[in-house]
Amino acid sequence: MSEQWRPIPGYEGLYEVSDLGRVRSIDRKDMRGRRCKGVVRRLQTDPDGHRRVLLSKDGKQSTAKVYRLVLLAFVGPPPEGFEALHADGNPANDTLANLSWGSRSENLLDRVRHGTHHMANKSHCPQGHEYDRLNTYVNTAGSRECRECRRTRRRERRLAAAGRN
């Protein structure tokens, strides 16, 4: 299967994005009437691993996330409240097969599943108790809690309530 290219919405006739996550400019004439040859654009990588590209239109430059350009060109605009999901958890993998629109909740659950959530790699609670199978409680919000700290907080609340009576 060969690489497919589609115009970038809002930049039709200027830029295209491929289903493999590459961006190229189109052969065109600039504002002074000079012929500009289209080239595959160099992508930059953000500190969080997402790739972005610099686009120019009417003398104004702006940066755009490549994953968003791929989804806009091949899938269309996101439904209200949806954001881009990377199926494999790799923010630099901007291939169409790896991308989809999804809810914020789905995105956070993916981050936990991929081990990229900021809390997923913590092995101990703030008090130093280990998060192991026996000492880890998952609350109704889906967050982990240390069972030892949870018992201590409940005990302190009961004692405080008894002292008020």
# chains A, B, ... in the order shown; residues from 1 in each chain; ligands from 1
>>> residues_around(residues="Cys146 of chain A", least_positions_apart="4", cutoff="12 Å", atoms="only C-alpha atoms", output="PyMOL selection string")
chain A and resi 122-139+150-153
>>> write_last_selection(atoms="C-alpha atoms", output="mmCIF file, in the first residue's frame")
data_model
loop_
_atom_site.group_PDB
_atom_site.id
_atom_site.type_symbol
_atom_site.label_atom_id
_atom_site.label_comp_id
_atom_site.auth_asym_id
_atom_site.auth_seq_id
_atom_site.Cartn_x
_atom_site.Cartn_y
_atom_site.Cartn_z
ATOM 1 C CA LYS A 122 4.753 5.646 41.276
ATOM 2 C CA SER A 123 5.692 2.655 43.377
ATOM 3 C CA HIS A 124 5.109 4.218 46.830
ATOM 4 C CA CYS A 125 2.529 6.543 48.356
ATOM 5 C CA PRO A 126 3.632 9.975 49.685
ATOM 6 C CA GLN A 127 4.076 8.431 53.149
ATOM 7 C CA GLY A 128 6.473 5.809 51.763
ATOM 8 C CA HIS A 129 4.161 2.766 51.806
ATOM 9 C CA GLU A 130 4.622 0.472 48.811
ATOM 10 C CA TYR A 131 1.865 0.206 46.211
ATOM 11 C CA ASP A 132 1.591 -3.566 46.020
ATOM 12 C CA ARG A 133 -1.326 -5.900 45.432
ATOM 13 C CA LEU A 134 -2.324 -6.008 49.114
ATOM 14 C CA ASN A 135 -1.750 -2.346 49.990
ATOM 15 C CA THR A 136 -3.406 -0.728 46.955
ATOM 16 C CA TYR A 137 -7.030 0.373 46.894
ATOM 17 C CA VAL A 138 -8.619 1.682 43.671
ATOM 18 C CA ASN A 139 -11.357 4.179 44.537
ATOM 19 C CA ARG A 150 -6.615 5.207 54.076
ATOM 20 C CA ARG A 151 -7.026 3.261 57.357
ATOM 21 C CA THR A 152 -5.072 5.945 59.219
ATOM 22 C CA ARG A 153 -7.221 8.775 57.805
#
>>> closest_residue(among="A:Asp88, A:Lys65, A:Gly10, A:Glu148", to="Thr116 of chain A", atoms="only C-alpha atoms")
A:Asp88
>>> closest_residue(among="A:Leu109, A:Leu55, A:Leu72, A:Leu99", to="Leu85 of chain A", atoms="only C-alpha atoms")
A:Leu99
>>> select_by_dssp(residues="chain A", states="helix (DSSP H, G or I)", output="JSON, numbers by chain")
{"A": [66, 67, 68, 69, 70, 71, 72, 73, 74, 96, 97, 98, 104, 105, 106, 107, 108, 109, 110, 111, 112, 113, 114, 147, 148, 149, 150, 151, 152, 153, 154, 155, 156, 157, 158, 159, 160, 161, 162, 163, 164]}
>>> residues_around(residues="His117 of chain A", least_positions_apart="4", cutoff="12 Å", atoms="only C-alpha atoms", output="JSON list (two decimals) with all heavy atoms, in the first residue's frame")
[["chain", "number", "residue", "atom", "x", "y", "z"],
["A", 89, "GLY", "N", 0.27, 4.55, 22.32],
["A", 89, "GLY", "CA", 0.83, 5.36, 23.39],
["A", 89, "GLY", "C", 2.08, 6.12, 23.00],
["A", 89, "GLY", "O", 2.63, 6.84, 23.82],
["A", 107, "ASN", "N", -8.70, 8.87, 26.66],
["A", 107, "ASN", "CA", -7.29, 9.24, 26.54],
["A", 107, "ASN", "C", -6.55, 8.99, 27.86],
["A", 107, "ASN", "O", -5.44, 8.45, 27.86],
["A", 107, "ASN", "CB", -7.17, 10.71, 26.14],
["A", 107, "ASN", "CG", -5.91, 11.00, 25.35],
["A", 107, "ASN", "OD1", -5.08, 10.12, 25.12],
["A", 107, "ASN", "ND2", -5.76, 12.23, 24.93],
["A", 108, "LEU", "N", -7.16, 9.34, 28.98],
["A", 108, "LEU", "CA", -6.53, 9.11, 30.28],
["A", 108, "LEU", "C", -6.40, 7.61, 30.58],
["A", 108, "LEU", "O", -5.38, 7.16, 31.10],
["A", 108, "LEU", "CB", -7.31, 9.81, 31.39],
["A", 108, "LEU", "CG", -7.23, 11.34, 31.36],
["A", 108, "LEU", "CD1", -8.16, 11.94, 32.39],
["A", 108, "LEU", "CD2", -5.81, 11.81, 31.58],
["A", 109, "LEU", "N", -7.44, 6.84, 30.24],
["A", 109, "LEU", "CA", -7.36, 5.39, 30.45],
["A", 109, "LEU", "C", -6.27, 4.77, 29.58],
["A", 109, "LEU", "O", -5.56, 3.85, 30.01],
["A", 109, "LEU", "CB", -8.71, 4.74, 30.17],
["A", 109, "LEU", "CG", -9.80, 5.02, 31.19],
["A", 109, "LEU", "CD1", -11.14, 4.49, 30.70],
["A", 109, "LEU", "CD2", -9.45, 4.42, 32.54],
["A", 110, "ASP", "N", -6.11, 5.28, 28.35],
["A", 110, "ASP", "CA", -5.02, 4.82, 27.48],
["A", 110, "ASP", "C", -3.67, 5.11, 28.11],
["A", 110, "ASP", "O", -2.76, 4.28, 28.08],
["A", 110, "ASP", "CB", -5.07, 5.50, 26.11],
["A", 110, "ASP", "CG", -6.00, 4.81, 25.14],
["A", 110, "ASP", "OD1", -6.50, 3.72, 25.47],
["A", 110, "ASP", "OD2", -6.20, 5.36, 24.05],
["A", 111, "ARG", "N", -3.53, 6.29, 28.71],
["A", 111, "ARG", "CA", -2.25, 6.66, 29.34],
["A", 111, "ARG", "C", -1.93, 5.71, 30.50],
["A", 111, "ARG", "O", -0.79, 5.32, 30.69],
["A", 111, "ARG", "CB", -2.29, 8.10, 29.81],
["A", 111, "ARG", "CG", -2.25, 9.09, 28.66],
["A", 111, "ARG", "CD", -2.37, 10.52, 29.10],
["A", 111, "ARG", "NE", -1.37, 10.87, 30.07],
["A", 111, "ARG", "CZ", -1.46, 11.92, 30.88],
["A", 111, "ARG", "NH1", -2.51, 12.71, 30.82],
["A", 111, "ARG", "NH2", -0.51, 12.18, 31.75],
["A", 112, "VAL", "N", -2.94, 5.34, 31.26],
["A", 112, "VAL", "CA", -2.72, 4.39, 32.36],
["A", 112, "VAL", "C", -2.34, 3.03, 31.78],
["A", 112, "VAL", "O", -1.38, 2.39, 32.22],
["A", 112, "VAL", "CB", -3.98, 4.27, 33.25],
["A", 112, "VAL", "CG1", -3.84, 3.13, 34.24],
["A", 112, "VAL", "CG2", -4.24, 5.58, 33.97],
["A", 113, "ARG", "N", -3.05, 2.59, 30.74],
["A", 113, "ARG", "CA", -2.79, 1.29, 30.11],
["A", 113, "ARG", "C", -1.37, 1.22, 29.53],
["A", 113, "ARG", "O", -0.70, 0.21, 29.62],
["A", 113, "ARG", "CB", -3.83, 1.03, 29.02],
["A", 113, "ARG", "CG", -3.78, -0.36, 28.43],
["A", 113, "ARG", "CD", -5.01, -0.65, 27.58],
["A", 113, "ARG", "NE", -5.45, 0.42, 26.72],
["A", 113, "ARG", "CZ", -5.05, 0.58, 25.46],
["A", 113, "ARG", "NH1", -4.22, -0.26, 24.92],
["A", 113, "ARG", "NH2", -5.52, 1.59, 24.74],
["A", 121, "ASN", "N", 3.53, 5.31, 37.28],
["A", 121, "ASN", "CA", 4.87, 4.81, 37.55],
["A", 121, "ASN", "C", 5.30, 5.00, 39.01],
["A", 121, "ASN", "O", 6.43, 4.70, 39.36],
["A", 121, "ASN", "CB", 5.89, 5.46, 36.61],
["A", 121, "ASN", "CG", 5.92, 6.97, 36.75],
["A", 121, "ASN", "OD1", 5.20, 7.52, 37.57],
["A", 121, "ASN", "ND2", 6.74, 7.62, 35.96],
["A", 122, "LYS", "N", 4.40, 5.47, 39.87],
["A", 122, "LYS", "CA", 4.75, 5.65, 41.28],
["A", 122, "LYS", "C", 4.63, 4.31, 42.00],
["A", 122, "LYS", "O", 3.62, 3.64, 41.92],
["A", 122, "LYS", "CB", 3.85, 6.69, 41.93],
["A", 122, "LYS", "CG", 4.11, 8.07, 41.36],
["A", 122, "LYS", "CD", 3.41, 9.13, 42.14],
["A", 122, "LYS", "CE", 3.77, 10.48, 41.55],
["A", 122, "LYS", "NZ", 3.21, 11.58, 42.30],
["A", 143, "SER", "N", -8.67, 6.13, 40.94],
["A", 143, "SER", "CA", -7.36, 6.50, 41.46],
["A", 143, "SER", "C", -6.88, 5.48, 42.49],
["A", 143, "SER", "O", -7.68, 4.89, 43.21],
["A", 143, "SER", "CB", -7.42, 7.88, 42.13],
["A", 143, "SER", "OG", -7.80, 8.86, 41.21]]
>>> residues_around(residues="segment 28-33 of chain A", least_positions_apart="5", cutoff="10 Å", atoms="only C-alpha atoms", output="ChimeraX atom specification")
/A:13-14,38,58-59
>>> write_last_selection(atoms="C-alpha atoms", output="PDB file, in the first residue's frame")
ATOM      1  CA  GLY A  13      -3.260  24.350  -2.202  1.00  0.00           C
ATOM      2  CA  LEU A  14      -0.392  25.041   0.204  1.00  0.00           C
ATOM      3  CA  GLY A  38       7.146  21.772  -2.773  1.00  0.00           C
ATOM      4  CA  ASP A  58      -0.787  34.804   3.933  1.00  0.00           C
ATOM      5  CA  GLY A  59       2.545  35.780   5.499  1.00  0.00           C
TER       6      GLY A  59
END
>>> atom_distance(atom1="atom CA of Ala141 of chain A", atom2="atom CA of Glu80 of chain A")
23.2 Å
>>> select_by_dssp(residues="segment 48-146 of chain A", states="strand (DSSP E)", output="PyMOL selection string")
chain A and resi 51-57+60-65+83-86+99-102+136-138+144-146
>>> residues_around(residues="Val17 of chain A", least_positions_apart="6", cutoff="7 Å", atoms="only C-alpha atoms", output="list in words")
Trp5, Arg6, Pro7, Ile8, Val23, Arg24, Leu69 and Val70 of chain A
>>> residues_around(residues="Gly21 of chain A", least_positions_apart="3", cutoff="8 Å", atoms="only C-alpha atoms", output="VMD selection string")
chain A and resid 17 to 18 66 to 67 70 93 to 96
>>> write_last_selection(atoms="N, CA, C and O atoms", output="PDB file, in the first residue's frame")
ATOM      1  N   VAL A  17      -0.833  16.478   4.016  1.00  0.00           N
ATOM      2  CA  VAL A  17      -0.366  15.564   5.055  1.00  0.00           C
ATOM      3  C   VAL A  17      -0.625  14.146   4.573  1.00  0.00           C
ATOM      4  O   VAL A  17      -1.596  13.889   3.856  1.00  0.00           O
ATOM      5  N   SER A  18       0.260  13.231   4.956  1.00  0.00           N
ATOM      6  CA  SER A  18       0.099  11.844   4.514  1.00  0.00           C
ATOM      7  C   SER A  18      -0.444  10.975   5.632  1.00  0.00           C
ATOM      8  O   SER A  18      -0.408  11.348   6.811  1.00  0.00           O
ATOM      9  N   VAL A  66       1.142  17.379  14.310  1.00  0.00           N
ATOM     10  CA  VAL A  66       1.001  16.525  13.136  1.00  0.00           C
ATOM     11  C   VAL A  66      -0.162  15.554  13.311  1.00  0.00           C
ATOM     12  O   VAL A  66      -0.939  15.327  12.373  1.00  0.00           O
ATOM     13  N   TYR A  67      -0.340  14.977  14.503  1.00  0.00           N
ATOM     14  CA  TYR A  67      -1.430  14.019  14.700  1.00  0.00           C
ATOM     15  C   TYR A  67      -2.783  14.668  14.405  1.00  0.00           C
ATOM     16  O   TYR A  67      -3.669  14.044  13.838  1.00  0.00           O
ATOM     17  N   VAL A  70      -3.270  14.989  10.582  1.00  0.00           N
ATOM     18  CA  VAL A  70      -3.605  13.690   9.982  1.00  0.00           C
ATOM     19  C   VAL A  70      -5.085  13.393  10.196  1.00  0.00           C
ATOM     20  O   VAL A  70      -5.805  13.036   9.261  1.00  0.00           O
ATOM     21  N   ASN A  93       4.221   8.576  16.930  1.00  0.00           N
ATOM     22  CA  ASN A  93       3.666   7.722  15.883  1.00  0.00           C
ATOM     23  C   ASN A  93       2.379   8.368  15.372  1.00  0.00           C
ATOM     24  O   ASN A  93       1.304   8.152  15.912  1.00  0.00           O
ATOM     25  N   ASP A  94       2.524   9.164  14.327  1.00  0.00           N
ATOM     26  CA  ASP A  94       1.393   9.910  13.792  1.00  0.00           C
ATOM     27  C   ASP A  94       0.790   9.270  12.546  1.00  0.00           C
ATOM     28  O   ASP A  94       0.227   9.959  11.698  1.00  0.00           O
ATOM     29  N   THR A  95       0.886   7.955  12.424  1.00  0.00           N
ATOM     30  CA  THR A  95       0.270   7.275  11.289  1.00  0.00           C
ATOM     31  C   THR A  95      -1.237   7.200  11.505  1.00  0.00           C
ATOM     32  O   THR A  95      -1.710   7.107  12.644  1.00  0.00           O
ATOM     33  N   LEU A  96      -1.974   7.248  10.417  1.00  0.00           N
ATOM     34  CA  LEU A  96      -3.441   7.220  10.502  1.00  0.00           C
ATOM     35  C   LEU A  96      -3.927   5.972  11.233  1.00  0.00           C
ATOM     36  O   LEU A  96      -4.875   6.038  12.015  1.00  0.00           O
TER      37      LEU A  96
END
>>> atom_distance(atom1="atom CA of Lys37 of chain A", atom2="atom CA of Arg68 of chain A")
24.9 Å
>>> atom_distance(atom1="atom CA of Leu71 of chain A", atom2="atom CA of Arg51 of chain A")
13.8 Å
>>> decode(residues="segment 31-122 of chain A", atoms="C-alpha atoms", output="PDB file, in the first residue's frame")
ATOM      1  CA  MET A  31       3.316  36.360  -2.837  1.00  0.00           C
ATOM      2  CA  ARG A  32       5.877  37.925  -5.207  1.00  0.00           C
ATOM      3  CA  GLY A  33       4.969  35.513  -8.016  1.00  0.00           C
ATOM      4  CA  ARG A  34       8.116  33.405  -7.729  1.00  0.00           C
ATOM      5  CA  ARG A  35       7.800  29.650  -8.210  1.00  0.00           C
ATOM      6  CA  CYS A  36       8.343  27.636  -5.014  1.00  0.00           C
ATOM      7  CA  LYS A  37       9.015  23.929  -5.261  1.00  0.00           C
ATOM      8  CA  GLY A  38       7.146  21.772  -2.773  1.00  0.00           C
ATOM      9  CA  VAL A  39       9.185  19.774  -0.248  1.00  0.00           C
ATOM     10  CA  VAL A  40       8.536  17.367   2.619  1.00  0.00           C
ATOM     11  CA  ARG A  41       8.644  19.531   5.729  1.00  0.00           C
ATOM     12  CA  ARG A  42      10.981  18.898   8.621  1.00  0.00           C
ATOM     13  CA  LEU A  43       9.103  18.063  11.811  1.00  0.00           C
ATOM     14  CA  GLN A  44      10.021  19.262  15.278  1.00  0.00           C
ATOM     15  CA  THR A  45       9.476  17.244  18.439  1.00  0.00           C
ATOM     16  CA  ASP A  46       7.976  18.794  21.564  1.00  0.00           C
ATOM     17  CA  PRO A  47       9.390  17.869  24.996  1.00  0.00           C
ATOM     18  CA  ASP A  48       6.357  15.596  25.514  1.00  0.00           C
ATOM     19  CA  GLY A  49       7.208  13.662  22.334  1.00  0.00           C
ATOM     20  CA  HIS A  50       4.496  15.036  20.028  1.00  0.00           C
ATOM     21  CA  ARG A  51       5.605  16.174  16.601  1.00  0.00           C
ATOM     22  CA  ARG A  52       4.729  19.564  15.169  1.00  0.00           C
ATOM     23  CA  VAL A  53       5.289  21.429  11.930  1.00  0.00           C
ATOM     24  CA  LEU A  54       5.561  25.088  11.007  1.00  0.00           C
ATOM     25  CA  LEU A  55       2.966  26.194   8.437  1.00  0.00           C
ATOM     26  CA  SER A  56       2.700  29.551   6.684  1.00  0.00           C
ATOM     27  CA  LYS A  57      -0.304  31.211   5.060  1.00  0.00           C
ATOM     28  CA  ASP A  58      -0.787  34.804   3.933  1.00  0.00           C
ATOM     29  CA  GLY A  59       2.545  35.780   5.499  1.00  0.00           C
ATOM     30  CA  LYS A  60       1.574  34.414   8.926  1.00  0.00           C
ATOM     31  CA  GLN A  61       3.293  31.425  10.496  1.00  0.00           C
ATOM     32  CA  SER A  62       1.758  28.972  12.924  1.00  0.00           C
ATOM     33  CA  THR A  63       2.674  25.590  14.341  1.00  0.00           C
ATOM     34  CA  ALA A  64       0.371  22.592  14.234  1.00  0.00           C
ATOM     35  CA  LYS A  65       0.510  19.158  15.825  1.00  0.00           C
ATOM     36  CA  VAL A  66       1.001  16.525  13.136  1.00  0.00           C
ATOM     37  CA  TYR A  67      -1.430  14.019  14.700  1.00  0.00           C
ATOM     38  CA  ARG A  68      -4.185  16.632  14.530  1.00  0.00           C
ATOM     39  CA  LEU A  69      -3.453  17.407  10.873  1.00  0.00           C
ATOM     40  CA  VAL A  70      -3.605  13.690   9.982  1.00  0.00           C
ATOM     41  CA  LEU A  71      -6.955  13.246  11.714  1.00  0.00           C
ATOM     42  CA  LEU A  72      -8.453  16.432  10.277  1.00  0.00           C
ATOM     43  CA  ALA A  73      -7.415  15.517   6.722  1.00  0.00           C
ATOM     44  CA  PHE A  74      -8.362  11.815   6.774  1.00  0.00           C
ATOM     45  CA  VAL A  75     -11.153  11.524   9.385  1.00  0.00           C
ATOM     46  CA  GLY A  76     -12.583  15.028   9.681  1.00  0.00           C
ATOM     47  CA  PRO A  77     -13.098  17.387  12.612  1.00  0.00           C
ATOM     48  CA  PRO A  78     -13.529  15.870  16.075  1.00  0.00           C
ATOM     49  CA  PRO A  79     -16.948  15.490  17.662  1.00  0.00           C
ATOM     50  CA  GLU A  80     -17.601  18.016  20.426  1.00  0.00           C
ATOM     51  CA  GLY A  81     -15.315  17.396  23.417  1.00  0.00           C
ATOM     52  CA  PHE A  82     -13.178  14.753  21.684  1.00  0.00           C
ATOM     53  CA  GLU A  83      -9.393  14.756  21.382  1.00  0.00           C
ATOM     54  CA  ALA A  84      -6.785  12.719  19.537  1.00  0.00           C
ATOM     55  CA  LEU A  85      -5.807   9.266  20.830  1.00  0.00           C
ATOM     56  CA  HIS A  86      -2.573   7.422  20.003  1.00  0.00           C
ATOM     57  CA  ALA A  87      -3.443   3.703  20.089  1.00  0.00           C
ATOM     58  CA  ASP A  88       0.097   2.556  20.904  1.00  0.00           C
ATOM     59  CA  GLY A  89       0.828   5.360  23.391  1.00  0.00           C
ATOM     60  CA  ASN A  90       3.741   6.656  21.302  1.00  0.00           C
ATOM     61  CA  PRO A  91       3.173  10.408  20.739  1.00  0.00           C
ATOM     62  CA  ALA A  92       5.620  10.402  17.802  1.00  0.00           C
ATOM     63  CA  ASN A  93       3.666   7.722  15.883  1.00  0.00           C
ATOM     64  CA  ASP A  94       1.393   9.910  13.792  1.00  0.00           C
ATOM     65  CA  THR A  95       0.270   7.275  11.289  1.00  0.00           C
ATOM     66  CA  LEU A  96      -3.441   7.220  10.502  1.00  0.00           C
ATOM     67  CA  ALA A  97      -3.687   3.578  11.655  1.00  0.00           C
ATOM     68  CA  ASN A  98      -2.506   4.666  15.133  1.00  0.00           C
ATOM     69  CA  LEU A  99      -4.812   7.682  15.532  1.00  0.00           C
ATOM     70  CA  SER A 100      -8.474   8.231  16.371  1.00  0.00           C
ATOM     71  CA  TRP A 101     -10.737  10.773  18.011  1.00  0.00           C
ATOM     72  CA  GLY A 102     -11.878   9.877  21.529  1.00  0.00           C
ATOM     73  CA  SER A 103     -13.051  11.314  24.824  1.00  0.00           C
ATOM     74  CA  ARG A 104     -10.763  12.752  27.493  1.00  0.00           C
ATOM     75  CA  SER A 105     -11.632   9.775  29.667  1.00  0.00           C
ATOM     76  CA  GLU A 106     -10.542   7.319  26.957  1.00  0.00           C
ATOM     77  CA  ASN A 107      -7.291   9.243  26.543  1.00  0.00           C
ATOM     78  CA  LEU A 108      -6.527   9.105  30.278  1.00  0.00           C
ATOM     79  CA  LEU A 109      -7.364   5.391  30.446  1.00  0.00           C
ATOM     80  CA  ASP A 110      -5.018   4.816  27.481  1.00  0.00           C
ATOM     81  CA  ARG A 111      -2.249   6.658  29.340  1.00  0.00           C
ATOM     82  CA  VAL A 112      -2.722   4.387  32.360  1.00  0.00           C
ATOM     83  CA  ARG A 113      -2.788   1.288  30.114  1.00  0.00           C
ATOM     84  CA  HIS A 114       0.413   2.370  28.337  1.00  0.00           C
ATOM     85  CA  GLY A 115       2.136   3.259  31.614  1.00  0.00           C
ATOM     86  CA  THR A 116       2.607   6.886  30.572  1.00  0.00           C
ATOM     87  CA  HIS A 117       0.220   8.412  33.132  1.00  0.00           C
ATOM     88  CA  HIS A 118       2.159  10.504  35.664  1.00  0.00           C
ATOM     89  CA  MET A 119       0.748   8.466  38.548  1.00  0.00           C
ATOM     90  CA  ALA A 120       1.127   5.022  36.957  1.00  0.00           C
ATOM     91  CA  ASN A 121       4.871   4.808  37.554  1.00  0.00           C
ATOM     92  CA  LYS A 122       4.753   5.646  41.276  1.00  0.00           C
TER      93      LYS A 122
END
